[in-house]
>>> print(open('work_8.cif').read())   # mmCIF, N, CA and C atoms
data_coords
loop_
_atom_site.label_atom_id
_atom_site.label_comp_id
_atom_site.auth_asym_id
_atom_site.auth_seq_id
_atom_site.Cartn_x
_atom_site.Cartn_y
_atom_site.Cartn_z
N MET Y 1 15.79 -18.77 -3.88
CA MET Y 1 15.04 -17.54 -4.10
C MET Y 1 15.76 -16.42 -3.35
N LYS Y 2 16.04 -15.36 -4.05
CA LYS Y 2 16.73 -14.22 -3.46
C LYS Y 2 15.74 -13.07 -3.29
N ILE Y 3 15.54 -12.66 -2.04
CA ILE Y 3 14.65 -11.53 -1.75
C ILE Y 3 15.46 -10.49 -0.99
N GLU Y 4 15.58 -9.31 -1.57
CA GLU Y 4 16.32 -8.23 -0.93
C GLU Y 4 15.42 -7.06 -0.54
N THR Y 5 14.32 -6.89 -1.28
CA THR Y 5 13.42 -5.76 -1.01
C THR Y 5 11.98 -6.24 -1.09
N ILE Y 6 11.22 -5.92 -0.04
CA ILE Y 6 9.79 -6.24 0.00
C ILE Y 6 9.01 -4.92 0.04
N LEU Y 7 8.02 -4.82 -0.83
CA LEU Y 7 7.15 -3.65 -0.86
C LEU Y 7 5.84 -4.00 -0.17
N TYR Y 8 5.46 -3.17 0.79
CA TYR Y 8 4.20 -3.33 1.51
C TYR Y 8 3.36 -2.07 1.29
N PRO Y 9 2.42 -2.12 0.33
CA PRO Y 9 1.52 -0.98 0.15
C PRO Y 9 0.39 -1.06 1.17
N THR Y 10 -0.01 0.09 1.69
CA THR Y 10 -1.08 0.12 2.68
C THR Y 10 -2.06 1.25 2.37
N ASP Y 11 -3.32 1.01 2.75
CA ASP Y 11 -4.31 2.09 2.72
C ASP Y 11 -4.83 2.32 4.14
N PHE Y 12 -4.11 1.73 5.12
CA PHE Y 12 -4.42 1.84 6.55
C PHE Y 12 -5.73 1.15 6.93
N SER Y 13 -6.27 0.33 6.04
CA SER Y 13 -7.51 -0.39 6.33
C SER Y 13 -7.19 -1.67 7.11
N GLU Y 14 -8.24 -2.31 7.59
CA GLU Y 14 -8.07 -3.58 8.29
C GLU Y 14 -7.45 -4.63 7.37
N GLY Y 15 -7.84 -4.60 6.10
CA GLY Y 15 -7.28 -5.56 5.14
C GLY Y 15 -5.79 -5.38 4.95
N SER Y 16 -5.35 -4.15 4.85
CA SER Y 16 -3.91 -3.94 4.67
C SER Y 16 -3.15 -4.17 5.98
N ARG Y 17 -3.80 -3.91 7.11
CA ARG Y 17 -3.15 -4.18 8.41
C ARG Y 17 -2.87 -5.68 8.57
N ALA Y 18 -3.79 -6.51 8.07
CA ALA Y 18 -3.60 -7.96 8.16
C ALA Y 18 -2.34 -8.39 7.42
N ALA Y 19 -1.99 -7.68 6.37
CA ALA Y 19 -0.81 -8.04 5.57
C ALA Y 19 0.50 -7.59 6.21
N LEU Y 20 0.44 -6.64 7.14
CA LEU Y 20 1.67 -6.11 7.74
C LEU Y 20 2.47 -7.19 8.47
N SER Y 21 1.80 -8.06 9.21
CA SER Y 21 2.55 -9.08 9.94
C SER Y 21 3.27 -10.03 8.99
N TYR Y 22 2.66 -10.31 7.84
CA TYR Y 22 3.32 -11.15 6.83
C TYR Y 22 4.54 -10.44 6.26
N ALA Y 23 4.36 -9.18 5.91
CA ALA Y 23 5.49 -8.41 5.35
C ALA Y 23 6.62 -8.32 6.36
N GLU Y 24 6.27 -8.05 7.62
CA GLU Y 24 7.28 -7.94 8.68
C GLU Y 24 8.02 -9.25 8.88
N THR Y 25 7.30 -10.36 8.96
CA THR Y 25 7.92 -11.66 9.18
C THR Y 25 8.84 -12.03 8.02
N LEU Y 26 8.36 -11.84 6.78
CA LEU Y 26 9.18 -12.14 5.62
C LEU Y 26 10.43 -11.26 5.57
N ALA Y 27 10.27 -9.98 5.86
CA ALA Y 27 11.41 -9.06 5.84
C ALA Y 27 12.44 -9.44 6.91
N ARG Y 28 11.95 -9.81 8.07
CA ARG Y 28 12.85 -10.22 9.16
C ARG Y 28 13.56 -11.53 8.81
N ASP Y 29 12.79 -12.52 8.34
CA ASP Y 29 13.36 -13.84 8.04
C ASP Y 29 14.36 -13.80 6.88
N TYR Y 30 14.06 -13.00 5.86
CA TYR Y 30 14.95 -12.90 4.70
C TYR Y 30 15.99 -11.78 4.84
N LYS Y 31 15.92 -11.05 5.97
CA LYS Y 31 16.86 -9.95 6.24
C LYS Y 31 16.88 -8.95 5.08
N THR Y 32 15.67 -8.47 4.75
CA THR Y 32 15.51 -7.57 3.60
C THR Y 32 15.17 -6.15 4.04
N VAL Y 33 15.14 -5.29 3.06
CA VAL Y 33 14.62 -3.94 3.23
C VAL Y 33 13.10 -4.05 3.08
N LEU Y 34 12.37 -3.37 3.94
CA LEU Y 34 10.92 -3.32 3.86
C LEU Y 34 10.52 -1.90 3.50
N VAL Y 35 9.82 -1.75 2.38
CA VAL Y 35 9.38 -0.44 1.92
C VAL Y 35 7.87 -0.33 2.17
N LEU Y 36 7.49 0.63 3.00
CA LEU Y 36 6.08 0.90 3.29
C LEU Y 36 5.61 1.99 2.33
N LEU Y 37 4.50 1.77 1.66
CA LEU Y 37 4.00 2.72 0.67
C LEU Y 37 2.55 3.06 0.92
N TYR Y 38 2.25 4.35 0.88
CA TYR Y 38 0.86 4.82 0.89
C TYR Y 38 0.66 5.69 -0.34
N VAL Y 39 -0.47 5.52 -1.00
CA VAL Y 39 -0.77 6.32 -2.19
C VAL Y 39 -1.93 7.26 -1.86
N VAL Y 40 -1.66 8.56 -1.94
CA VAL Y 40 -2.70 9.58 -1.78
C VAL Y 40 -3.51 9.55 -3.08
N PRO Y 41 -4.80 9.24 -2.98
CA PRO Y 41 -5.60 9.09 -4.21
C PRO Y 41 -5.84 10.42 -4.91
N ASP Y 42 -5.96 10.31 -6.23
CA ASP Y 42 -6.36 11.47 -7.02
C ASP Y 42 -7.80 11.81 -6.69
N VAL Y 43 -8.12 13.09 -6.75
CA VAL Y 43 -9.50 13.52 -6.57
C VAL Y 43 -10.14 13.58 -7.95
N PRO Y 44 -11.27 12.89 -8.14
CA PRO Y 44 -11.92 12.95 -9.45
C PRO Y 44 -12.34 14.38 -9.78
N ALA Y 45 -12.34 14.67 -11.05
CA ALA Y 45 -12.73 16.01 -11.49
C ALA Y 45 -14.15 16.32 -11.01
N ALA Y 46 -14.27 17.44 -10.37
CA ALA Y 46 -15.57 17.84 -9.83
C ALA Y 46 -16.37 18.58 -10.90
N ARG Y 47 -17.67 18.55 -10.73
CA ARG Y 47 -18.54 19.27 -11.68
C ARG Y 47 -18.76 20.70 -11.23
N TRP Y 48 -18.17 21.06 -10.13
CA TRP Y 48 -18.29 22.42 -9.64
C TRP Y 48 -16.88 22.95 -9.40
N TYR Y 49 -16.77 24.23 -9.25
CA TYR Y 49 -15.47 24.86 -9.08
C TYR Y 49 -15.00 24.72 -7.64
N VAL Y 50 -13.79 24.25 -7.48
CA VAL Y 50 -13.14 24.19 -6.17
C VAL Y 50 -11.85 25.00 -6.30
N PRO Y 51 -11.68 26.01 -5.45
CA PRO Y 51 -10.47 26.83 -5.56
C PRO Y 51 -9.21 25.98 -5.43
N PRO Y 52 -8.21 26.25 -6.26
CA PRO Y 52 -6.96 25.48 -6.23
C PRO Y 52 -6.31 25.47 -4.84
N GLU Y 53 -6.46 26.57 -4.10
CA GLU Y 53 -5.86 26.62 -2.75
C GLU Y 53 -6.49 25.58 -1.84
N ALA Y 54 -7.80 25.38 -1.96
CA ALA Y 54 -8.50 24.40 -1.12
C ALA Y 54 -8.04 22.99 -1.47
N VAL Y 55 -7.88 22.72 -2.74
CA VAL Y 55 -7.42 21.40 -3.17
C VAL Y 55 -5.99 21.16 -2.68
N SER Y 56 -5.17 22.18 -2.81
CA SER Y 56 -3.78 22.07 -2.36
C SER Y 56 -3.71 21.81 -0.85
N ARG Y 57 -4.51 22.54 -0.07
CA ARG Y 57 -4.55 22.33 1.38
C ARG Y 57 -5.01 20.92 1.72
N MET Y 58 -6.02 20.44 1.00
CA MET Y 58 -6.54 19.11 1.24
C MET Y 58 -5.45 18.05 1.01
N PHE Y 59 -4.71 18.17 -0.10
CA PHE Y 59 -3.65 17.22 -0.38
C PHE Y 59 -2.52 17.32 0.64
N ASP Y 60 -2.21 18.54 1.08
CA ASP Y 60 -1.19 18.71 2.12
C ASP Y 60 -1.62 18.01 3.40
N ASP Y 61 -2.89 18.19 3.78
CA ASP Y 61 -3.42 17.54 4.99
C ASP Y 61 -3.40 16.02 4.87
N LEU Y 62 -3.80 15.51 3.70
CA LEU Y 62 -3.78 14.07 3.48
C LEU Y 62 -2.36 13.52 3.58
N GLU Y 63 -1.42 14.23 3.00
CA GLU Y 63 -0.03 13.77 3.03
C GLU Y 63 0.55 13.81 4.45
N LYS Y 64 0.24 14.87 5.20
CA LYS Y 64 0.72 14.96 6.59
C LYS Y 64 0.13 13.85 7.45
N SER Y 65 -1.15 13.60 7.28
CA SER Y 65 -1.81 12.54 8.02
C SER Y 65 -1.22 11.18 7.65
N ALA Y 66 -0.99 10.96 6.37
CA ALA Y 66 -0.40 9.69 5.91
C ALA Y 66 1.01 9.52 6.47
N ALA Y 67 1.78 10.60 6.52
CA ALA Y 67 3.14 10.53 7.05
C ALA Y 67 3.12 10.12 8.53
N ARG Y 68 2.17 10.66 9.28
CA ARG Y 68 2.04 10.28 10.70
C ARG Y 68 1.68 8.79 10.84
N GLU Y 69 0.75 8.35 10.02
CA GLU Y 69 0.34 6.94 10.06
C GLU Y 69 1.50 6.02 9.64
N MET Y 70 2.28 6.45 8.66
CA MET Y 70 3.42 5.64 8.22
C MET Y 70 4.45 5.52 9.34
N GLU Y 71 4.68 6.60 10.06
CA GLU Y 71 5.63 6.54 11.18
C GLU Y 71 5.13 5.59 12.27
N LYS Y 72 3.81 5.59 12.50
CA LYS Y 72 3.23 4.65 13.48
C LYS Y 72 3.48 3.21 13.03
N LEU Y 73 3.20 2.93 11.75
CA LEU Y 73 3.43 1.59 11.23
C LEU Y 73 4.89 1.20 11.37
N LYS Y 74 5.76 2.13 11.01
CA LYS Y 74 7.20 1.87 11.07
C LYS Y 74 7.62 1.52 12.50
N SER Y 75 7.05 2.20 13.48
CA SER Y 75 7.42 1.95 14.87
C SER Y 75 6.90 0.60 15.37
N GLU Y 76 5.89 0.04 14.70
CA GLU Y 76 5.34 -1.25 15.10
C GLU Y 76 6.15 -2.43 14.57
N VAL Y 77 6.99 -2.18 13.58
CA VAL Y 77 7.76 -3.24 12.95
C VAL Y 77 9.07 -3.41 13.71
N SER Y 78 9.39 -4.67 14.01
CA SER Y 78 10.63 -4.90 14.77
C SER Y 78 11.48 -5.97 14.10
N GLY Y 79 12.78 -5.85 14.29
CA GLY Y 79 13.72 -6.84 13.81
C GLY Y 79 13.96 -6.84 12.32
N VAL Y 80 13.57 -5.78 11.62
CA VAL Y 80 13.75 -5.70 10.18
C VAL Y 80 15.01 -4.90 9.89
N LYS Y 81 15.81 -5.39 8.95
CA LYS Y 81 17.09 -4.80 8.57
C LYS Y 81 16.99 -3.29 8.31
N ALA Y 82 16.09 -2.91 7.47
CA ALA Y 82 15.90 -1.49 7.14
C ALA Y 82 14.46 -1.28 6.70
N ILE Y 83 13.91 -0.13 7.09
CA ILE Y 83 12.53 0.22 6.72
C ILE Y 83 12.54 1.58 6.06
N GLU Y 84 11.91 1.66 4.90
CA GLU Y 84 11.74 2.93 4.21
C GLU Y 84 10.25 3.23 4.14
N THR Y 85 9.91 4.52 4.17
CA THR Y 85 8.51 4.89 3.95
C THR Y 85 8.45 5.79 2.72
N ARG Y 86 7.40 5.60 1.96
CA ARG Y 86 7.18 6.40 0.76
C ARG Y 86 5.71 6.78 0.67
N ILE Y 87 5.48 7.98 0.17
CA ILE Y 87 4.12 8.44 -0.10
C ILE Y 87 4.09 8.86 -1.56
N ALA Y 88 3.15 8.31 -2.30
CA ALA Y 88 3.00 8.65 -3.71
C ALA Y 88 1.62 9.26 -3.92
N HIS Y 89 1.41 9.83 -5.08
CA HIS Y 89 0.12 10.44 -5.44
C HIS Y 89 -0.35 9.84 -6.75
N GLY Y 90 -1.62 9.45 -6.81
CA GLY Y 90 -2.15 8.93 -8.06
C GLY Y 90 -3.12 7.80 -7.85
N THR Y 91 -3.18 6.92 -8.82
CA THR Y 91 -4.04 5.75 -8.77
C THR Y 91 -3.25 4.65 -8.07
N ALA Y 92 -3.85 4.04 -7.06
CA ALA Y 92 -3.13 3.12 -6.17
C ALA Y 92 -2.37 2.04 -6.92
N TYR Y 93 -3.04 1.26 -7.75
CA TYR Y 93 -2.34 0.14 -8.38
C TYR Y 93 -1.22 0.61 -9.30
N GLU Y 94 -1.41 1.73 -9.98
CA GLU Y 94 -0.35 2.24 -10.87
C GLU Y 94 0.87 2.66 -10.07
N GLU Y 95 0.64 3.33 -8.94
CA GLU Y 95 1.77 3.80 -8.11
C GLU Y 95 2.46 2.64 -7.40
N ILE Y 96 1.69 1.62 -7.02
CA ILE Y 96 2.30 0.44 -6.40
C ILE Y 96 3.24 -0.23 -7.39
N ILE Y 97 2.78 -0.41 -8.60
CA ILE Y 97 3.60 -1.05 -9.63
C ILE Y 97 4.82 -0.18 -9.97
N ARG Y 98 4.61 1.13 -10.07
CA ARG Y 98 5.72 2.04 -10.36
C ARG Y 98 6.76 1.99 -9.23
N THR Y 99 6.29 1.99 -7.99
CA THR Y 99 7.21 1.94 -6.85
C THR Y 99 7.94 0.61 -6.81
N ALA Y 100 7.24 -0.48 -7.09
CA ALA Y 100 7.88 -1.80 -7.12
C ALA Y 100 9.05 -1.79 -8.11
N ARG Y 101 8.84 -1.17 -9.25
CA ARG Y 101 9.93 -1.08 -10.24
C ARG Y 101 11.05 -0.16 -9.73
N ASP Y 102 10.66 0.98 -9.18
CA ASP Y 102 11.66 1.96 -8.70
C ASP Y 102 12.57 1.39 -7.62
N VAL Y 103 11.99 0.64 -6.68
CA VAL Y 103 12.79 0.10 -5.57
C VAL Y 103 13.34 -1.28 -5.88
N LYS Y 104 13.02 -1.77 -7.08
CA LYS Y 104 13.44 -3.12 -7.49
C LYS Y 104 12.96 -4.18 -6.49
N ALA Y 105 11.68 -4.08 -6.17
CA ALA Y 105 11.08 -5.01 -5.21
C ALA Y 105 11.15 -6.44 -5.74
N ASP Y 106 11.49 -7.36 -4.85
CA ASP Y 106 11.52 -8.77 -5.19
C ASP Y 106 10.20 -9.44 -4.83
N LEU Y 107 9.40 -8.75 -4.00
CA LEU Y 107 8.14 -9.28 -3.53
C LEU Y 107 7.25 -8.13 -3.08
N ILE Y 108 5.96 -8.24 -3.36
CA ILE Y 108 4.96 -7.29 -2.85
C ILE Y 108 4.05 -8.06 -1.92
N VAL Y 109 3.80 -7.52 -0.74
CA VAL Y 109 2.85 -8.13 0.20
C VAL Y 109 1.73 -7.11 0.37
N ILE Y 110 0.52 -7.48 -0.06
CA ILE Y 110 -0.59 -6.54 -0.09
C ILE Y 110 -1.85 -7.17 0.50
N GLY Y 111 -2.58 -6.38 1.25
CA GLY Y 111 -3.85 -6.83 1.81
C GLY Y 111 -4.95 -6.70 0.78
N THR Y 112 -5.98 -7.50 0.96
CA THR Y 112 -7.13 -7.41 0.07
C THR Y 112 -8.41 -7.41 0.91
N HIS Y 113 -9.38 -6.66 0.45
CA HIS Y 113 -10.65 -6.55 1.16
C HIS Y 113 -11.53 -7.76 0.93
N GLY Y 114 -11.25 -8.52 -0.12
CA GLY Y 114 -12.07 -9.70 -0.41
C GLY Y 114 -13.47 -9.34 -0.88
N ARG Y 115 -13.59 -8.22 -1.58
CA ARG Y 115 -14.91 -7.82 -2.07
C ARG Y 115 -15.40 -8.78 -3.14
N ARG Y 116 -16.71 -8.93 -3.18
CA ARG Y 116 -17.32 -9.81 -4.18
C ARG Y 116 -18.54 -9.11 -4.77
N GLY Y 117 -19.00 -9.67 -5.85
CA GLY Y 117 -20.25 -9.22 -6.45
C GLY Y 117 -20.24 -7.76 -6.84
N VAL Y 118 -21.30 -7.06 -6.45
CA VAL Y 118 -21.49 -5.67 -6.84
C VAL Y 118 -20.37 -4.78 -6.28
N ASP Y 119 -19.96 -5.02 -5.03
CA ASP Y 119 -18.87 -4.24 -4.44
C ASP Y 119 -17.61 -4.34 -5.30
N HIS Y 120 -17.29 -5.57 -5.73
CA HIS Y 120 -16.10 -5.77 -6.57
C HIS Y 120 -16.27 -5.05 -7.90
N LEU Y 121 -17.48 -5.16 -8.46
CA LEU Y 121 -17.76 -4.51 -9.74
C LEU Y 121 -17.61 -3.00 -9.64
N ILE Y 122 -18.11 -2.40 -8.56
CA ILE Y 122 -18.07 -0.95 -8.39
C ILE Y 122 -16.68 -0.46 -7.99
N PHE Y 123 -16.09 -1.10 -6.99
CA PHE Y 123 -14.83 -0.60 -6.44
C PHE Y 123 -13.60 -1.22 -7.10
N GLY Y 124 -13.77 -2.35 -7.79
CA GLY Y 124 -12.63 -3.01 -8.39
C GLY Y 124 -11.73 -3.59 -7.32
N SER Y 125 -10.57 -4.00 -7.71
CA SER Y 125 -9.64 -4.57 -6.76
C SER Y 125 -8.23 -4.09 -7.08
N THR Y 126 -7.70 -3.29 -6.18
CA THR Y 126 -6.32 -2.83 -6.34
C THR Y 126 -5.39 -4.03 -6.33
N ALA Y 127 -5.60 -4.94 -5.37
CA ALA Y 127 -4.73 -6.11 -5.27
C ALA Y 127 -4.76 -6.93 -6.56
N GLU Y 128 -5.95 -7.10 -7.11
CA GLU Y 128 -6.08 -7.88 -8.35
C GLU Y 128 -5.29 -7.24 -9.49
N ARG Y 129 -5.36 -5.94 -9.60
CA ARG Y 129 -4.62 -5.24 -10.66
C ARG Y 129 -3.12 -5.30 -10.42
N VAL Y 130 -2.72 -5.23 -9.16
CA VAL Y 130 -1.29 -5.35 -8.84
C VAL Y 130 -0.79 -6.74 -9.21
N VAL Y 131 -1.54 -7.77 -8.84
CA VAL Y 131 -1.15 -9.14 -9.18
C VAL Y 131 -0.99 -9.28 -10.70
N ARG Y 132 -1.92 -8.72 -11.43
CA ARG Y 132 -1.92 -8.84 -12.89
C ARG Y 132 -0.70 -8.17 -13.53
N ASP Y 133 -0.27 -7.01 -13.00
CA ASP Y 133 0.75 -6.22 -13.69
C ASP Y 133 2.07 -6.06 -12.96
N ALA Y 134 2.22 -6.66 -11.80
CA ALA Y 134 3.43 -6.46 -10.99
C ALA Y 134 4.66 -7.05 -11.68
N PRO Y 135 5.80 -6.39 -11.45
CA PRO Y 135 7.05 -6.88 -12.03
C PRO Y 135 7.71 -7.99 -11.18
N CYS Y 136 7.03 -8.41 -10.11
CA CYS Y 136 7.58 -9.41 -9.20
C CYS Y 136 6.43 -10.21 -8.59
N PRO Y 137 6.73 -11.29 -7.86
CA PRO Y 137 5.66 -12.03 -7.20
C PRO Y 137 4.91 -11.17 -6.19
N VAL Y 138 3.64 -11.52 -5.98
CA VAL Y 138 2.77 -10.78 -5.06
C VAL Y 138 2.12 -11.76 -4.10
N VAL Y 139 2.19 -11.46 -2.81
CA VAL Y 139 1.48 -12.22 -1.80
C VAL Y 139 0.27 -11.38 -1.40
N THR Y 140 -0.93 -11.94 -1.53
CA THR Y 140 -2.13 -11.23 -1.10
C THR Y 140 -2.61 -11.84 0.21
N VAL Y 141 -3.05 -10.97 1.13
CA VAL Y 141 -3.48 -11.40 2.45
C VAL Y 141 -4.88 -10.88 2.69
N ARG Y 142 -5.78 -11.79 3.02
CA ARG Y 142 -7.16 -11.41 3.33
C ARG Y 142 -7.31 -11.23 4.82
N ILE Y 143 -8.32 -10.49 5.21
CA ILE Y 143 -8.66 -10.35 6.62
C ILE Y 143 -9.02 -11.74 7.13
N PRO Y 144 -8.49 -12.16 8.26
CA PRO Y 144 -8.85 -13.50 8.78
C PRO Y 144 -10.36 -13.63 8.92
N GLU Y 145 -10.87 -14.80 8.60
CA GLU Y 145 -12.30 -15.09 8.58
C GLU Y 145 -13.01 -14.67 9.85
N HIS Y 146 -12.41 -14.91 11.01
CA HIS Y 146 -13.07 -14.59 12.27
C HIS Y 146 -13.18 -13.08 12.54
N ARG Y 147 -12.48 -12.26 11.76
CA ARG Y 147 -12.54 -10.81 11.98
C ARG Y 147 -13.47 -10.12 11.00
N ARG Y 148 -14.05 -10.82 10.04
CA ARG Y 148 -14.94 -10.21 9.07
C ARG Y 148 -16.35 -10.19 9.57
#
>>> encode(input="work_8.cif", output="structure tokens")
Amino acid sequence: MKIETILYPTDFSEGSRAALSYAETLARDYKTVLVLLYVVPDVPAARWYVPPEAVSRMFDDLEKSAAREMEKLKSEVSGVKAIETRIAHGTAYEEIIRTARDVKADLIVIGTHGRRGVDHLIFGSTAERVVRDAPCPVVTVRIPEHRR
């Protein structure tokens, strides 16, 4: 099995944090490039008017905050050949799949919240959609049982 690039998408949640150690270990052991990805979510169309300047400022703030968090994550990773950070905009699973293709990822390591029942029905599962449509194998990591 040849692994040269690992994609680690994060939403900075506890579920995605649990997956970081797996991504880091695999990247270190296989001496690969590790790509950290955060997707700034689209804002659903509002039923009221929001000035374009306010929306633009909000997205700028979200992106700046995400960039700071990505740098923190990057500083926590050690012994990895190369680390790239990327910030995309859109629907999380679509951008994860698009980025996996763009960087020619050989593996995606993604955290999952482990939602069930009504929560799963309402919120869906980004990890599930990534597994279904990814161009490469996907490792999903759940929050350890003792931390839930």
>>> closest_residue(input="work_8.cif", among="Y:Glu128, Y:Glu53, Y:Asp29, Y:Glu69", to="Phe12 in chain Y", atoms="only N, CA and C atoms")
Y:Glu69
>>> residues_near_point(input="work_8.cif", point="(14.0, -9.9, -4.2)", cutoff="8 Å", atoms="all atoms listed in the file", output="list in words")
Met1, Lys2, Ile3, Glu4, Thr5, Ile6, Lys104, Ala105, Asp106 and Leu107 of chain Y
>>> resolve_selection(input="work_8.cif", expression="the PyMOL selection byres ((chain Y and resi 89-102) around 6)", output="PDB file with N, CA and C atoms, in the coordinates of the input")
ATOM      1  N   VAL Y  39      -0.470   5.520  -1.000  1.00  0.00           N
ATOM      2  CA  VAL Y  39      -0.770   6.320  -2.190  1.00  0.00           C
ATOM      3  C   VAL Y  39      -1.930   7.260  -1.860  1.00  0.00           C
ATOM      4  N   VAL Y  40      -1.660   8.560  -1.940  1.00  0.00           N
ATOM      5  CA  VAL Y  40      -2.700   9.580  -1.780  1.00  0.00           C
ATOM      6  C   VAL Y  40      -3.510   9.550  -3.080  1.00  0.00           C
ATOM      7  N   PRO Y  41      -4.800   9.240  -2.980  1.00  0.00           N
ATOM      8  CA  PRO Y  41      -5.600   9.090  -4.210  1.00  0.00           C
ATOM      9  C   PRO Y  41      -5.840  10.420  -4.910  1.00  0.00           C
ATOM     10  N   ASP Y  42      -5.960  10.310  -6.230  1.00  0.00           N
ATOM     11  CA  ASP Y  42      -6.360  11.470  -7.020  1.00  0.00           C
ATOM     12  C   ASP Y  42      -7.800  11.810  -6.690  1.00  0.00           C
ATOM     13  N   ILE Y  87       5.480   7.980   0.170  1.00  0.00           N
ATOM     14  CA  ILE Y  87       4.120   8.440  -0.100  1.00  0.00           C
ATOM     15  C   ILE Y  87       4.090   8.860  -1.560  1.00  0.00           C
ATOM     16  N   ALA Y  88       3.150   8.310  -2.300  1.00  0.00           N
ATOM     17  CA  ALA Y  88       3.000   8.650  -3.710  1.00  0.00           C
ATOM     18  C   ALA Y  88       1.620   9.260  -3.920  1.00  0.00           C
ATOM     19  N   VAL Y 103      11.990   0.640  -6.680  1.00  0.00           N
ATOM     20  CA  VAL Y 103      12.790   0.100  -5.570  1.00  0.00           C
ATOM     21  C   VAL Y 103      13.340  -1.280  -5.880  1.00  0.00           C
ATOM     22  N   LYS Y 104      13.020  -1.770  -7.080  1.00  0.00           N
ATOM     23  CA  LYS Y 104      13.440  -3.120  -7.490  1.00  0.00           C
ATOM     24  C   LYS Y 104      12.960  -4.180  -6.490  1.00  0.00           C
ATOM     25  N   ALA Y 105      11.680  -4.080  -6.170  1.00  0.00           N
ATOM     26  CA  ALA Y 105      11.080  -5.010  -5.210  1.00  0.00           C
ATOM     27  C   ALA Y 105      11.150  -6.440  -5.740  1.00  0.00           C
ATOM     28  N   THR Y 126      -7.700  -3.290  -6.180  1.00  0.00           N
ATOM     29  CA  THR Y 126      -6.320  -2.830  -6.340  1.00  0.00           C
ATOM     30  C   THR Y 126      -5.390  -4.030  -6.330  1.00  0.00           C
ATOM     31  N   ARG Y 129      -5.360  -5.940  -9.600  1.00  0.00           N
ATOM     32  CA  ARG Y 129      -4.620  -5.240 -10.660  1.00  0.00           C
ATOM     33  C   ARG Y 129      -3.120  -5.300 -10.420  1.00  0.00           C
ATOM     34  N   VAL Y 130      -2.720  -5.230  -9.160  1.00  0.00           N
ATOM     35  CA  VAL Y 130      -1.290  -5.350  -8.840  1.00  0.00           C
ATOM     36  C   VAL Y 130      -0.790  -6.740  -9.210  1.00  0.00           C
ATOM     37  N   ALA Y 134       2.220  -6.660 -11.800  1.00  0.00           N
ATOM     38  CA  ALA Y 134       3.430  -6.460 -10.990  1.00  0.00           C
ATOM     39  C   ALA Y 134       4.660  -7.050 -11.680  1.00  0.00           C
TER      40      ALA Y 134
END
>>> resolve_selection(input="work_8.cif", expression="the PyMOL selection byres ((chain Y and resi 20-28) around 8)", output="list of chain:residue names")
Y:Glu4, Y:Thr5, Y:Ile6, Y:Leu7, Y:Tyr8, Y:Gly15, Y:Ser16, Y:Arg17, Y:Ala18, Y:Ala19, Y:Asp29, Y:Tyr30, Y:Lys31, Y:Thr32, Y:Val33, Y:Leu34, Y:Val77, Y:Ser78, Y:Gly79, Y:Val80, Y:Lys81, Y:Ala82, Y:Ile108, Y:Val109, Y:Ile110, Y:Gly111, Y:Val141
>>> atom_distance(input="work_8.cif", atom1="atom N of Thr112 in chain Y", atom2="CA of Lys64 in chain Y")
24.1 Å
>>> atom_distance(input="work_8.cif", atom1="CA of Val131 in chain Y", atom2="CA of Glu84 in chain Y")
22.2 Å
>>> select_by_dssp(input="work_8.cif", residues="chain Y", states="alpha helix (DSSP H)", output="VMD selection string")
chain Y and resid 14 to 30 52 to 76 92 to 102 117 to 123 126 to 133
>>> axis_aligned_box(input="work_8.cif", around="range 72-83 of chain Y", padding_each_side="8 Å", output="JSON")
{"center_x": 10.1, "center_y": -0.6, "center_z": 10.7, "size_x": 29.9, "size_y": 28.4, "size_z": 25.3}
>>> atom_distance(input="work_8.cif", atom1="atom C of Asp11 in chain Y", atom2="CA of Thr85 in chain Y")
13.6 Å
>>> select_by_dssp(input="work_8.cif", residues="range 1-146 of chain Y", states="strand (DSSP E)", output="MDAnalysis selection string")
chainID Y and resid 5:10 33:41 82:90 107:112 138:142
>>> closest_residue(input="work_8.cif", among="Y:Val138, Y:Ala127, Y:Leu36, Y:Val55", to="Lys74 in chain Y", atoms="all atoms listed in the file")
Y:Leu36
